[in-house]
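Text of the file start02.txt, holding compact mmCIF, N, CA and C atoms:
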```txt
# COMPACT_ATOMS: atom_id res chain seq x y z
N LYS F 1 68.58 140.09 86.34
CA LYS F 1 69.90 139.67 86.75
C LYS F 1 70.03 138.14 86.73
N TYR F 2 69.01 137.43 87.16
CA TYR F 2 69.05 135.97 87.21
C TYR F 2 68.25 135.32 86.10
N ARG F 3 67.89 136.07 85.09
CA ARG F 3 67.03 135.57 84.02
C ARG F 3 67.62 134.33 83.34
N LYS F 4 68.90 134.38 82.98
CA LYS F 4 69.54 133.25 82.30
C LYS F 4 69.53 132.01 83.19
N THR F 5 69.81 132.18 84.46
CA THR F 5 69.81 131.05 85.39
C THR F 5 68.42 130.45 85.50
N LEU F 6 67.41 131.29 85.62
CA LEU F 6 66.03 130.79 85.70
C LEU F 6 65.61 130.09 84.42
N GLU F 7 66.03 130.64 83.27
CA GLU F 7 65.72 129.99 81.99
C GLU F 7 66.36 128.61 81.93
N ASP F 8 67.62 128.50 82.38
CA ASP F 8 68.30 127.21 82.39
C ASP F 8 67.59 126.22 83.30
N ILE F 9 67.19 126.67 84.47
CA ILE F 9 66.49 125.79 85.42
C ILE F 9 65.14 125.35 84.85
N CYS F 10 64.43 126.27 84.23
CA CYS F 10 63.14 125.92 83.62
C CYS F 10 63.33 124.91 82.50
N ALA F 11 64.37 125.11 81.69
CA ALA F 11 64.65 124.18 80.60
C ALA F 11 64.98 122.79 81.16
N LYS F 12 65.76 122.72 82.22
CA LYS F 12 66.08 121.44 82.84
C LYS F 12 64.83 120.78 83.42
N GLU F 13 63.95 121.57 84.02
CA GLU F 13 62.70 121.04 84.57
C GLU F 13 61.84 120.43 83.46
N ILE F 14 61.75 121.13 82.35
CA ILE F 14 60.99 120.61 81.20
C ILE F 14 61.62 119.32 80.72
N TRP F 15 62.95 119.31 80.63
CA TRP F 15 63.67 118.11 80.19
C TRP F 15 63.39 116.94 81.13
N LEU F 16 63.41 117.19 82.43
CA LEU F 16 63.14 116.13 83.39
C LEU F 16 61.73 115.58 83.26
N ARG F 17 60.77 116.48 83.12
CA ARG F 17 59.37 116.04 82.97
C ARG F 17 59.20 115.22 81.69
N LEU F 18 59.81 115.68 80.60
CA LEU F 18 59.73 114.92 79.35
C LEU F 18 60.43 113.57 79.47
N SER F 19 61.58 113.54 80.16
CA SER F 19 62.29 112.27 80.31
C SER F 19 61.45 111.27 81.11
N GLU F 20 60.72 111.76 82.11
CA GLU F 20 59.83 110.87 82.86
C GLU F 20 58.75 110.29 81.94
N TYR F 21 58.23 111.14 81.06
CA TYR F 21 57.22 110.69 80.11
C TYR F 21 57.82 109.67 79.14
N TRP F 22 59.03 109.97 78.62
CA TRP F 22 59.68 109.05 77.68
C TRP F 22 60.01 107.73 78.33
N VAL F 23 60.45 107.77 79.58
CA VAL F 23 60.77 106.52 80.28
C VAL F 23 59.49 105.70 80.46
N ALA F 24 58.40 106.37 80.80
CA ALA F 24 57.12 105.67 80.95
C ALA F 24 56.68 105.07 79.62
N GLU F 25 56.87 105.82 78.54
CA GLU F 25 56.51 105.32 77.21
C GLU F 25 57.39 104.14 76.82
N SER F 26 58.71 104.28 77.03
CA SER F 26 59.64 103.24 76.60
C SER F 26 59.56 102.00 77.49
N LYS F 27 58.95 102.14 78.66
CA LYS F 27 58.82 101.01 79.57
C LYS F 27 58.06 99.87 78.90
N ASN F 28 57.15 100.20 78.00
CA ASN F 28 56.37 99.19 77.30
C ASN F 28 57.20 98.42 76.28
N ARG F 29 58.34 98.99 75.86
CA ARG F 29 59.18 98.34 74.86
C ARG F 29 60.20 97.40 75.48
N PHE F 30 60.35 97.37 76.78
CA PHE F 30 61.33 96.53 77.43
C PHE F 30 60.85 95.08 77.49
N SER F 31 61.81 94.17 77.53
CA SER F 31 61.46 92.77 77.74
C SER F 31 60.98 92.60 79.19
N ALA F 32 60.35 91.49 79.46
CA ALA F 32 59.83 91.23 80.81
C ALA F 32 60.97 91.23 81.83
N ARG F 33 62.12 90.68 81.45
CA ARG F 33 63.27 90.62 82.36
C ARG F 33 63.76 92.02 82.72
N ILE F 34 63.87 92.89 81.73
CA ILE F 34 64.35 94.26 81.97
C ILE F 34 63.30 95.04 82.76
N LYS F 35 62.03 94.81 82.49
CA LYS F 35 60.97 95.48 83.27
C LYS F 35 61.10 95.13 84.74
N LYS F 36 61.36 93.85 85.04
CA LYS F 36 61.52 93.42 86.43
C LYS F 36 62.75 94.08 87.05
N MET F 37 63.84 94.17 86.30
CA MET F 37 65.05 94.81 86.81
C MET F 37 64.82 96.30 87.08
N VAL F 38 64.16 96.96 86.14
CA VAL F 38 63.88 98.39 86.29
C VAL F 38 62.98 98.62 87.50
N ASP F 39 61.95 97.80 87.65
CA ASP F 39 61.06 97.93 88.81
C ASP F 39 61.83 97.71 90.11
N TYR F 40 62.69 96.69 90.13
CA TYR F 40 63.49 96.42 91.32
C TYR F 40 64.41 97.60 91.64
N ILE F 41 65.05 98.14 90.61
CA ILE F 41 65.96 99.28 90.82
C ILE F 41 65.18 100.49 91.30
N ARG F 42 64.02 100.76 90.73
CA ARG F 42 63.22 101.91 91.16
C ARG F 42 62.78 101.80 92.62
N GLN F 43 62.50 100.59 93.06
CA GLN F 43 62.07 100.39 94.45
C GLN F 43 63.23 100.45 95.43
N ASN F 44 64.45 100.15 94.96
CA ASN F 44 65.59 100.03 95.86
C ASN F 44 66.76 100.94 95.52
N TYR F 45 66.54 101.97 94.71
CA TYR F 45 67.66 102.79 94.24
C TYR F 45 68.38 103.54 95.35
N LYS F 46 67.73 103.74 96.50
CA LYS F 46 68.37 104.45 97.60
C LYS F 46 69.43 103.59 98.28
N LYS F 47 69.31 102.28 98.10
CA LYS F 47 70.32 101.37 98.62
C LYS F 47 71.49 101.34 97.62
N ASP F 48 72.56 100.74 98.03
CA ASP F 48 73.73 100.64 97.16
C ASP F 48 73.61 99.37 96.33
N ILE F 49 72.97 99.47 95.16
CA ILE F 49 72.75 98.31 94.28
C ILE F 49 73.89 98.23 93.27
N SER F 50 74.47 97.06 93.12
CA SER F 50 75.53 96.86 92.14
C SER F 50 75.09 95.83 91.11
N ARG F 51 75.92 95.67 90.08
CA ARG F 51 75.64 94.63 89.08
C ARG F 51 75.62 93.26 89.75
N ARG F 52 76.49 93.08 90.71
CA ARG F 52 76.57 91.80 91.42
C ARG F 52 75.26 91.53 92.17
N ASP F 53 74.69 92.56 92.80
CA ASP F 53 73.40 92.41 93.48
C ASP F 53 72.31 92.02 92.48
N LEU F 54 72.31 92.69 91.33
CA LEU F 54 71.32 92.37 90.30
C LEU F 54 71.53 90.95 89.78
N SER F 55 72.78 90.55 89.63
CA SER F 55 73.04 89.20 89.12
C SER F 55 72.55 88.13 90.09
N LYS F 56 72.71 88.38 91.40
CA LYS F 56 72.21 87.43 92.39
C LYS F 56 70.68 87.40 92.39
N LYS F 57 70.08 88.57 92.30
CA LYS F 57 68.62 88.67 92.33
C LYS F 57 67.97 88.01 91.11
N PHE F 58 68.60 88.19 89.93
CA PHE F 58 67.99 87.70 88.69
C PHE F 58 68.71 86.49 88.10
N ASN F 59 69.64 85.91 88.86
CA ASN F 59 70.35 84.68 88.45
C ASN F 59 71.00 84.80 87.07
N LEU F 60 71.72 85.90 86.86
CA LEU F 60 72.44 86.13 85.62
C LEU F 60 73.86 86.61 85.94
N ALA F 61 74.78 86.43 85.01
CA ALA F 61 76.15 86.91 85.20
C ALA F 61 76.16 88.44 85.19
N PRO F 62 77.00 89.08 86.01
CA PRO F 62 77.06 90.54 86.05
C PRO F 62 77.34 91.17 84.68
N GLU F 63 78.21 90.55 83.90
CA GLU F 63 78.52 91.08 82.57
C GLU F 63 77.30 91.01 81.66
N TYR F 64 76.55 89.92 81.79
CA TYR F 64 75.35 89.78 80.97
C TYR F 64 74.27 90.78 81.39
N ILE F 65 74.19 91.05 82.68
CA ILE F 65 73.25 92.08 83.18
C ILE F 65 73.55 93.40 82.48
N ASN F 66 74.84 93.78 82.48
CA ASN F 66 75.24 95.02 81.82
C ASN F 66 74.88 95.00 80.34
N TYR F 67 75.18 93.90 79.69
CA TYR F 67 74.94 93.78 78.25
C TYR F 67 73.46 93.95 77.90
N ILE F 68 72.59 93.17 78.56
CA ILE F 68 71.18 93.24 78.19
C ILE F 68 70.55 94.55 78.62
N PHE F 69 70.98 95.08 79.76
CA PHE F 69 70.42 96.34 80.24
C PHE F 69 70.78 97.47 79.28
N LYS F 70 72.06 97.53 78.90
CA LYS F 70 72.50 98.59 77.98
C LYS F 70 71.88 98.40 76.60
N ASN F 71 71.73 97.17 76.19
CA ASN F 71 71.14 96.89 74.88
C ASN F 71 69.70 97.38 74.79
N GLU F 72 68.94 97.23 75.86
CA GLU F 72 67.53 97.61 75.82
C GLU F 72 67.25 99.04 76.28
N THR F 73 68.04 99.55 77.24
CA THR F 73 67.76 100.88 77.77
C THR F 73 68.70 101.95 77.23
N GLY F 74 69.84 101.53 76.70
CA GLY F 74 70.82 102.50 76.21
C GLY F 74 71.78 102.98 77.28
N MET F 75 71.67 102.43 78.48
CA MET F 75 72.57 102.81 79.58
C MET F 75 72.81 101.60 80.47
N THR F 76 73.88 101.69 81.25
CA THR F 76 74.18 100.60 82.17
C THR F 76 73.29 100.72 83.41
N PRO F 77 73.18 99.65 84.19
CA PRO F 77 72.38 99.75 85.42
C PRO F 77 72.90 100.84 86.36
N THR F 78 74.22 100.99 86.43
CA THR F 78 74.81 102.02 87.29
C THR F 78 74.39 103.41 86.84
N GLU F 79 74.44 103.66 85.54
CA GLU F 79 74.01 104.96 85.02
C GLU F 79 72.53 105.19 85.31
N PHE F 80 71.72 104.17 85.14
CA PHE F 80 70.29 104.27 85.40
C PHE F 80 70.02 104.62 86.87
N ILE F 81 70.74 103.95 87.77
CA ILE F 81 70.58 104.21 89.21
C ILE F 81 70.99 105.64 89.54
N ARG F 82 72.11 106.08 88.98
CA ARG F 82 72.57 107.44 89.25
C ARG F 82 71.57 108.47 88.76
N ILE F 83 71.00 108.25 87.58
CA ILE F 83 70.01 109.19 87.05
C ILE F 83 68.78 109.24 87.96
N LEU F 84 68.32 108.10 88.43
CA LEU F 84 67.19 108.08 89.37
C LEU F 84 67.51 108.85 90.64
N LYS F 85 68.69 108.64 91.19
CA LYS F 85 69.09 109.31 92.42
C LYS F 85 69.19 110.82 92.20
N ILE F 86 69.79 111.23 91.10
CA ILE F 86 69.96 112.65 90.83
C ILE F 86 68.61 113.31 90.55
N ARG F 87 67.74 112.62 89.84
CA ARG F 87 66.40 113.17 89.58
C ARG F 87 65.65 113.39 90.89
N GLU F 88 65.76 112.41 91.80
CA GLU F 88 65.11 112.56 93.11
C GLU F 88 65.78 113.67 93.91
N GLY F 89 67.10 113.76 93.85
CA GLY F 89 67.81 114.83 94.54
C GLY F 89 67.39 116.20 94.03
N TYR F 90 67.24 116.32 92.73
CA TYR F 90 66.77 117.57 92.12
C TYR F 90 65.40 117.94 92.67
N ARG F 91 64.51 116.95 92.71
CA ARG F 91 63.16 117.19 93.22
C ARG F 91 63.18 117.61 94.69
N LEU F 92 64.00 116.94 95.48
CA LEU F 92 64.08 117.27 96.91
C LEU F 92 64.60 118.68 97.13
N ILE F 93 65.60 119.07 96.37
CA ILE F 93 66.16 120.42 96.52
C ILE F 93 65.17 121.47 96.06
N GLN F 94 64.55 121.22 94.91
CA GLN F 94 63.66 122.24 94.35
C GLN F 94 62.30 122.28 95.02
N GLU F 95 61.65 121.15 95.15
CA GLU F 95 60.28 121.13 95.65
C GLU F 95 60.18 121.05 97.17
N GLU F 96 61.10 120.35 97.80
CA GLU F 96 61.06 120.19 99.25
C GLU F 96 61.96 121.20 99.97
N SER F 97 62.67 122.01 99.21
CA SER F 97 63.60 123.03 99.74
C SER F 97 64.63 122.44 100.70
N MET F 98 65.14 121.28 100.36
CA MET F 98 66.16 120.65 101.20
C MET F 98 67.54 121.17 100.80
N SER F 99 68.47 121.03 101.71
CA SER F 99 69.84 121.40 101.41
C SER F 99 70.47 120.30 100.54
N ILE F 100 71.60 120.60 99.96
CA ILE F 100 72.32 119.61 99.14
C ILE F 100 72.70 118.41 100.01
N LYS F 101 73.15 118.69 101.22
CA LYS F 101 73.57 117.62 102.13
C LYS F 101 72.39 116.69 102.46
N GLU F 102 71.22 117.28 102.73
CA GLU F 102 70.03 116.47 103.04
C GLU F 102 69.59 115.64 101.84
N ALA F 103 69.58 116.27 100.67
CA ALA F 103 69.18 115.56 99.45
C ALA F 103 70.15 114.43 99.14
N ALA F 104 71.44 114.68 99.31
CA ALA F 104 72.45 113.64 99.06
C ALA F 104 72.22 112.45 99.99
N HIS F 105 71.99 112.73 101.25
CA HIS F 105 71.77 111.66 102.23
C HIS F 105 70.51 110.86 101.92
N LEU F 106 69.42 111.55 101.60
CA LEU F 106 68.15 110.87 101.34
C LEU F 106 68.14 110.07 100.04
N THR F 107 69.02 110.40 99.11
CA THR F 107 69.08 109.65 97.85
C THR F 107 70.13 108.55 97.86
N GLY F 108 70.77 108.34 99.01
CA GLY F 108 71.70 107.23 99.13
C GLY F 108 73.16 107.57 98.91
N PHE F 109 73.49 108.84 98.77
CA PHE F 109 74.89 109.24 98.66
C PHE F 109 75.41 109.49 100.06
N CYS F 110 76.58 109.00 100.36
CA CYS F 110 77.13 109.23 101.70
C CYS F 110 77.97 110.50 101.75
N ASP F 111 78.20 111.11 100.61
CA ASP F 111 79.04 112.31 100.56
C ASP F 111 78.37 113.35 99.68
N GLU F 112 78.12 114.54 100.22
CA GLU F 112 77.45 115.59 99.45
C GLU F 112 78.31 116.10 98.29
N PHE F 113 79.63 116.00 98.43
CA PHE F 113 80.51 116.46 97.36
C PHE F 113 80.47 115.51 96.17
N TYR F 114 80.39 114.21 96.44
CA TYR F 114 80.23 113.23 95.36
C TYR F 114 78.87 113.39 94.70
N PHE F 115 77.84 113.62 95.50
CA PHE F 115 76.50 113.90 94.97
C PHE F 115 76.57 115.09 94.02
N SER F 116 77.23 116.16 94.44
CA SER F 116 77.33 117.37 93.62
C SER F 116 78.07 117.10 92.32
N ARG F 117 79.14 116.30 92.40
CA ARG F 117 79.91 115.98 91.19
C ARG F 117 79.08 115.17 90.19
N ILE F 118 78.36 114.16 90.69
CA ILE F 118 77.51 113.34 89.81
C ILE F 118 76.34 114.17 89.29
N PHE F 119 75.76 115.00 90.15
CA PHE F 119 74.67 115.89 89.76
C PHE F 119 75.10 116.77 88.58
N LYS F 120 76.27 117.37 88.71
CA LYS F 120 76.76 118.27 87.66
C LYS F 120 77.04 117.50 86.38
N ARG F 121 77.55 116.28 86.49
CA ARG F 121 77.83 115.46 85.31
C ARG F 121 76.54 115.13 84.56
N ILE F 122 75.48 114.83 85.29
CA ILE F 122 74.22 114.44 84.66
C ILE F 122 73.40 115.65 84.23
N MET F 123 73.26 116.63 85.11
CA MET F 123 72.38 117.77 84.84
C MET F 123 73.07 118.90 84.08
N LYS F 124 74.39 118.88 84.04
CA LYS F 124 75.18 119.92 83.35
C LYS F 124 75.19 121.26 84.09
N PHE F 125 74.76 121.27 85.33
CA PHE F 125 74.89 122.44 86.20
C PHE F 125 74.93 121.93 87.64
N PRO F 126 75.56 122.68 88.53
CA PRO F 126 75.68 122.22 89.91
C PRO F 126 74.38 122.36 90.69
N PRO F 127 74.19 121.54 91.71
CA PRO F 127 72.97 121.65 92.52
C PRO F 127 72.88 122.98 93.25
N SER F 128 73.99 123.64 93.45
CA SER F 128 73.97 124.94 94.13
C SER F 128 73.18 125.97 93.33
N ARG F 129 73.07 125.78 92.02
CA ARG F 129 72.29 126.70 91.20
C ARG F 129 70.81 126.63 91.57
N ILE F 130 70.32 125.45 91.93
CA ILE F 130 68.93 125.32 92.36
C ILE F 130 68.76 125.98 93.73
N CYS F 131 69.78 125.81 94.57
CA CYS F 131 69.74 126.38 95.92
C CYS F 131 69.68 127.90 95.88
N ILE F 132 70.29 128.51 94.88
CA ILE F 132 70.22 129.97 94.74
C ILE F 132 68.76 130.37 94.53
N LYS F 133 68.06 129.58 93.71
CA LYS F 133 66.65 129.88 93.43
C LYS F 133 65.79 129.70 94.67
N THR F 134 66.04 128.63 95.43
CA THR F 134 65.20 128.34 96.60
C THR F 134 65.68 129.05 97.85
N GLY F 135 66.89 129.62 97.79
CA GLY F 135 67.41 130.33 98.95
C GLY F 135 68.04 129.43 100.00
N ARG F 136 68.30 128.15 99.65
CA ARG F 136 68.92 127.19 100.59
C ARG F 136 70.30 126.82 100.09
N ARG F 137 71.12 126.31 100.93
CA ARG F 137 72.45 125.81 100.54
C ARG F 137 72.71 124.48 101.13
```

Show me, as structure tokens, the structure contained in the file I just sent.
Amino acid sequence: KYRKTLEDICAKEIWLRLSEYWVAESKNRFSARIKKMVDYIRQNYKKDISRRDLSKKFNLAPEYINYIFKNETGMTPTEFIRILKIREGYRLIQEESMSIKEAAHLTGFCDEFYFSRIFKRIMKFPPSRICIKTGRR
């Protein structure tokens, strides 16, 4: 009955694991400046980091931050932060058996409905699908 759902979840899990590997591989191709930004974002992604915060931290114009980040990573800093948050939210729901509300709060989202909307946009399925598997909501 739930075979298709489980197959989809397994496929997403494989995709996430591969993306972690690809990000680790591509980390070596980044310039020193982008490596520092990525490290800073990874350490502080639960906070509300904006381009303006990055520009103050790295003494660059916000527009230039966007330009160089997108040029080297293929995404904007905001997209990168959202992907990190959603990946962590996915892990919390699946591995830690947390509710959507708990995962949203722990990943820096103040609203579980916004978390769900961004989650669905990135993962292409709602977080409630994982909750069906784990038995939590």

F:Gly89: which residues within 10 Å, counting only C-alpha atoms, same-chain residues fewer than 5 positions away excluded, as a list in words?
->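 These residues fall inside the cut-off: Ile83, Leu84, Gln94, Glu95, Glu96, Met98, Ser99, Ile100, Lys101, Glu102, Ala103, Ala104, His105, Leu106, Thr107, Gly108, Phe109, Phe115, Ser116, Phe119 and Pro127 of chain F.
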
Keeping only N, CA and C atoms, write those residues as a PDB file, in the coordinates of the input.
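Output file selection_27.pdb follows:
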```
ATOM      1  N   ILE F  83      71.000 108.250  87.580  1.00  0.00           N
ATOM      2  CA  ILE F  83      70.010 109.190  87.050  1.00  0.00           C
ATOM      3  C   ILE F  83      68.780 109.240  87.960  1.00  0.00           C
ATOM      4  N   LEU F  84      68.320 108.100  88.430  1.00  0.00           N
ATOM      5  CA  LEU F  84      67.190 108.080  89.370  1.00  0.00           C
ATOM      6  C   LEU F  84      67.510 108.850  90.640  1.00  0.00           C
ATOM      7  N   GLN F  94      64.550 121.220  94.910  1.00  0.00           N
ATOM      8  CA  GLN F  94      63.660 122.240  94.350  1.00  0.00           C
ATOM      9  C   GLN F  94      62.300 122.280  95.020  1.00  0.00           C
ATOM     10  N   GLU F  95      61.650 121.150  95.150  1.00  0.00           N
ATOM     11  CA  GLU F  95      60.280 121.130  95.650  1.00  0.00           C
ATOM     12  C   GLU F  95      60.180 121.050  97.170  1.00  0.00           C
ATOM     13  N   GLU F  96      61.100 120.350  97.800  1.00  0.00           N
ATOM     14  CA  GLU F  96      61.060 120.190  99.250  1.00  0.00           C
ATOM     15  C   GLU F  96      61.960 121.200  99.970  1.00  0.00           C
ATOM     16  N   MET F  98      65.140 121.280 100.360  1.00  0.00           N
ATOM     17  CA  MET F  98      66.160 120.650 101.200  1.00  0.00           C
ATOM     18  C   MET F  98      67.540 121.170 100.800  1.00  0.00           C
ATOM     19  N   SER F  99      68.470 121.030 101.710  1.00  0.00           N
ATOM     20  CA  SER F  99      69.840 121.400 101.410  1.00  0.00           C
ATOM     21  C   SER F  99      70.470 120.300 100.540  1.00  0.00           C
ATOM     22  N   ILE F 100      71.600 120.600  99.960  1.00  0.00           N
ATOM     23  CA  ILE F 100      72.320 119.610  99.140  1.00  0.00           C
ATOM     24  C   ILE F 100      72.700 118.410 100.010  1.00  0.00           C
ATOM     25  N   LYS F 101      73.150 118.690 101.220  1.00  0.00           N
ATOM     26  CA  LYS F 101      73.570 117.620 102.130  1.00  0.00           C
ATOM     27  C   LYS F 101      72.390 116.690 102.460  1.00  0.00           C
ATOM     28  N   GLU F 102      71.220 117.280 102.730  1.00  0.00           N
ATOM     29  CA  GLU F 102      70.030 116.470 103.040  1.00  0.00           C
ATOM     30  C   GLU F 102      69.590 115.640 101.840  1.00  0.00           C
ATOM     31  N   ALA F 103      69.580 116.270 100.670  1.00  0.00           N
ATOM     32  CA  ALA F 103      69.180 115.560  99.450  1.00  0.00           C
ATOM     33  C   ALA F 103      70.150 114.430  99.140  1.00  0.00           C
ATOM     34  N   ALA F 104      71.440 114.680  99.310  1.00  0.00           N
ATOM     35  CA  ALA F 104      72.450 113.640  99.060  1.00  0.00           C
ATOM     36  C   ALA F 104      72.220 112.450  99.990  1.00  0.00           C
ATOM     37  N   HIS F 105      71.990 112.730 101.250  1.00  0.00           N
ATOM     38  CA  HIS F 105      71.770 111.660 102.230  1.00  0.00           C
ATOM     39  C   HIS F 105      70.510 110.860 101.920  1.00  0.00           C
ATOM     40  N   LEU F 106      69.420 111.550 101.600  1.00  0.00           N
ATOM     41  CA  LEU F 106      68.150 110.870 101.340  1.00  0.00           C
ATOM     42  C   LEU F 106      68.140 110.070 100.040  1.00  0.00           C
ATOM     43  N   THR F 107      69.020 110.400  99.110  1.00  0.00           N
ATOM     44  CA  THR F 107      69.080 109.650  97.850  1.00  0.00           C
ATOM     45  C   THR F 107      70.130 108.550  97.860  1.00  0.00           C
ATOM     46  N   GLY F 108      70.770 108.340  99.010  1.00  0.00           N
ATOM     47  CA  GLY F 108      71.700 107.230  99.130  1.00  0.00           C
ATOM     48  C   GLY F 108      73.160 107.570  98.910  1.00  0.00           C
ATOM     49  N   PHE F 109      73.490 108.840  98.770  1.00  0.00           N
ATOM     50  CA  PHE F 109      74.890 109.240  98.660  1.00  0.00           C
ATOM     51  C   PHE F 109      75.410 109.490 100.060  1.00  0.00           C
ATOM     52  N   PHE F 115      77.840 113.620  95.500  1.00  0.00           N
ATOM     53  CA  PHE F 115      76.500 113.900  94.970  1.00  0.00           C
ATOM     54  C   PHE F 115      76.570 115.090  94.020  1.00  0.00           C
ATOM     55  N   SER F 116      77.230 116.160  94.440  1.00  0.00           N
ATOM     56  CA  SER F 116      77.330 117.370  93.620  1.00  0.00           C
ATOM     57  C   SER F 116      78.070 117.100  92.320  1.00  0.00           C
ATOM     58  N   PHE F 119      75.760 115.000  90.150  1.00  0.00           N
ATOM     59  CA  PHE F 119      74.670 115.890  89.760  1.00  0.00           C
ATOM     60  C   PHE F 119      75.100 116.770  88.580  1.00  0.00           C
ATOM     61  N   PRO F 127      74.190 121.540  91.710  1.00  0.00           N
ATOM     62  CA  PRO F 127      72.970 121.650  92.520  1.00  0.00           C
ATOM     63  C   PRO F 127      72.880 122.980  93.250  1.00  0.00           C
TER      64      PRO F 127
END
```

Which of these, F:Arg82, F:Ser97, F:Arg121, F:Glu72, has the shortest distance to F:Arg29 once you count only N, CA and C atoms?
-> F:Glu72

Of the candidates F:Thr73, F:Glu20, F:Leu60, F:Arg51, which one gets nearest to F:Glu88 if we count only C-alpha atoms?
->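 Closest residue, counting only C-alpha atoms: F:Glu20.
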
Atom pair atom CA of F:Ile130 + atom N of F:Tyr45, distance 23.6 Å

Work out how far apart atom CA of F:Lys120 and atom C of F:Met75 are and give it in Å to one decimal.
->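 Pair atom CA of F:Lys120 / atom C of F:Met75 returns 18.6 Å.
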
Separation of atom N of F:Phe69 from atom CA of F:Lys35 in Å =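 Atom CA of F:Lys35 sits 10.6 Å away from atom N of F:Phe69.
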
Run DSSP on the backbone and grab whatever in chain F lands in helix (DSSP H, G or I); send it over as a ChimeraX atom specification.
-> /F:3-29,32-44,51-58,62-73,77-95,100-106,112-123,128-134

F:Tyr90, F:Tyr2, F:Trp15, F:Tyr64 ranked by distance to F:Arg52, top pick (using only C-alpha atoms) |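 Using only C-alpha atoms, the shortest distance to F:Arg52 belongs to F:Tyr64.
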
Closest of F:Arg33, F:Cys110, F:Glu63, F:Glu79 to F:Lys47 - atom-to-atom distances counting only C-alpha atoms | F:Cys110

N, CA, C and O atoms modelled onto stretch 99-112 of chain F, as an mmCIF file, in the frame of the given file:
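Output (result09.cif):
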```
data_model
loop_
_atom_site.group_PDB
_atom_site.id
_atom_site.type_symbol
_atom_site.label_atom_id
_atom_site.label_comp_id
_atom_site.auth_asym_id
_atom_site.auth_seq_id
_atom_site.Cartn_x
_atom_site.Cartn_y
_atom_site.Cartn_z
ATOM 1 N N SER F 99 68.470 121.030 101.710
ATOM 2 C CA SER F 99 69.840 121.400 101.410
ATOM 3 C C SER F 99 70.470 120.300 100.540
ATOM 4 O O SER F 99 69.933 119.190 100.438
ATOM 5 N N ILE F 100 71.600 120.600 99.960
ATOM 6 C CA ILE F 100 72.320 119.610 99.140
ATOM 7 C C ILE F 100 72.700 118.410 100.010
ATOM 8 O O ILE F 100 72.558 117.265 99.585
ATOM 9 N N LYS F 101 73.150 118.690 101.220
ATOM 10 C CA LYS F 101 73.570 117.620 102.130
ATOM 11 C C LYS F 101 72.390 116.690 102.460
ATOM 12 O O LYS F 101 72.522 115.472 102.434
ATOM 13 N N GLU F 102 71.220 117.280 102.730
ATOM 14 C CA GLU F 102 70.030 116.470 103.040
ATOM 15 C C GLU F 102 69.590 115.640 101.840
ATOM 16 O O GLU F 102 69.283 114.458 101.962
ATOM 17 N N ALA F 103 69.580 116.270 100.670
ATOM 18 C CA ALA F 103 69.180 115.560 99.450
ATOM 19 C C ALA F 103 70.150 114.430 99.140
ATOM 20 O O ALA F 103 69.730 113.333 98.749
ATOM 21 N N ALA F 104 71.440 114.680 99.310
ATOM 22 C CA ALA F 104 72.450 113.640 99.060
ATOM 23 C C ALA F 104 72.220 112.450 99.990
ATOM 24 O O ALA F 104 72.212 111.297 99.547
ATOM 25 N N HIS F 105 71.990 112.730 101.250
ATOM 26 C CA HIS F 105 71.770 111.660 102.230
ATOM 27 C C HIS F 105 70.510 110.860 101.920
ATOM 28 O O HIS F 105 70.513 109.631 101.949
ATOM 29 N N LEU F 106 69.420 111.550 101.600
ATOM 30 C CA LEU F 106 68.150 110.870 101.340
ATOM 31 C C LEU F 106 68.140 110.070 100.040
ATOM 32 O O LEU F 106 67.309 109.180 99.878
ATOM 33 N N THR F 107 69.020 110.400 99.110
ATOM 34 C CA THR F 107 69.080 109.650 97.850
ATOM 35 C C THR F 107 70.130 108.550 97.860
ATOM 36 O O THR F 107 70.366 107.911 96.846
ATOM 37 N N GLY F 108 70.770 108.340 99.010
ATOM 38 C CA GLY F 108 71.700 107.230 99.130
ATOM 39 C C GLY F 108 73.160 107.570 98.910
ATOM 40 O O GLY F 108 73.999 106.678 98.864
ATOM 41 N N PHE F 109 73.490 108.840 98.770
ATOM 42 C CA PHE F 109 74.890 109.240 98.660
ATOM 43 C C PHE F 109 75.410 109.490 100.060
ATOM 44 O O PHE F 109 74.751 110.135 100.864
ATOM 45 N N CYS F 110 76.580 109.000 100.360
ATOM 46 C CA CYS F 110 77.130 109.230 101.700
ATOM 47 C C CYS F 110 77.970 110.500 101.750
ATOM 48 O O CYS F 110 78.368 110.915 102.827
ATOM 49 N N ASP F 111 78.200 111.110 100.610
ATOM 50 C CA ASP F 111 79.040 112.310 100.560
ATOM 51 C C ASP F 111 78.370 113.350 99.680
ATOM 52 O O ASP F 111 78.080 113.091 98.507
ATOM 53 N N GLU F 112 78.120 114.540 100.220
ATOM 54 C CA GLU F 112 77.450 115.590 99.450
ATOM 55 C C GLU F 112 78.310 116.100 98.290
ATOM 56 O O GLU F 112 77.789 116.550 97.272
#
```
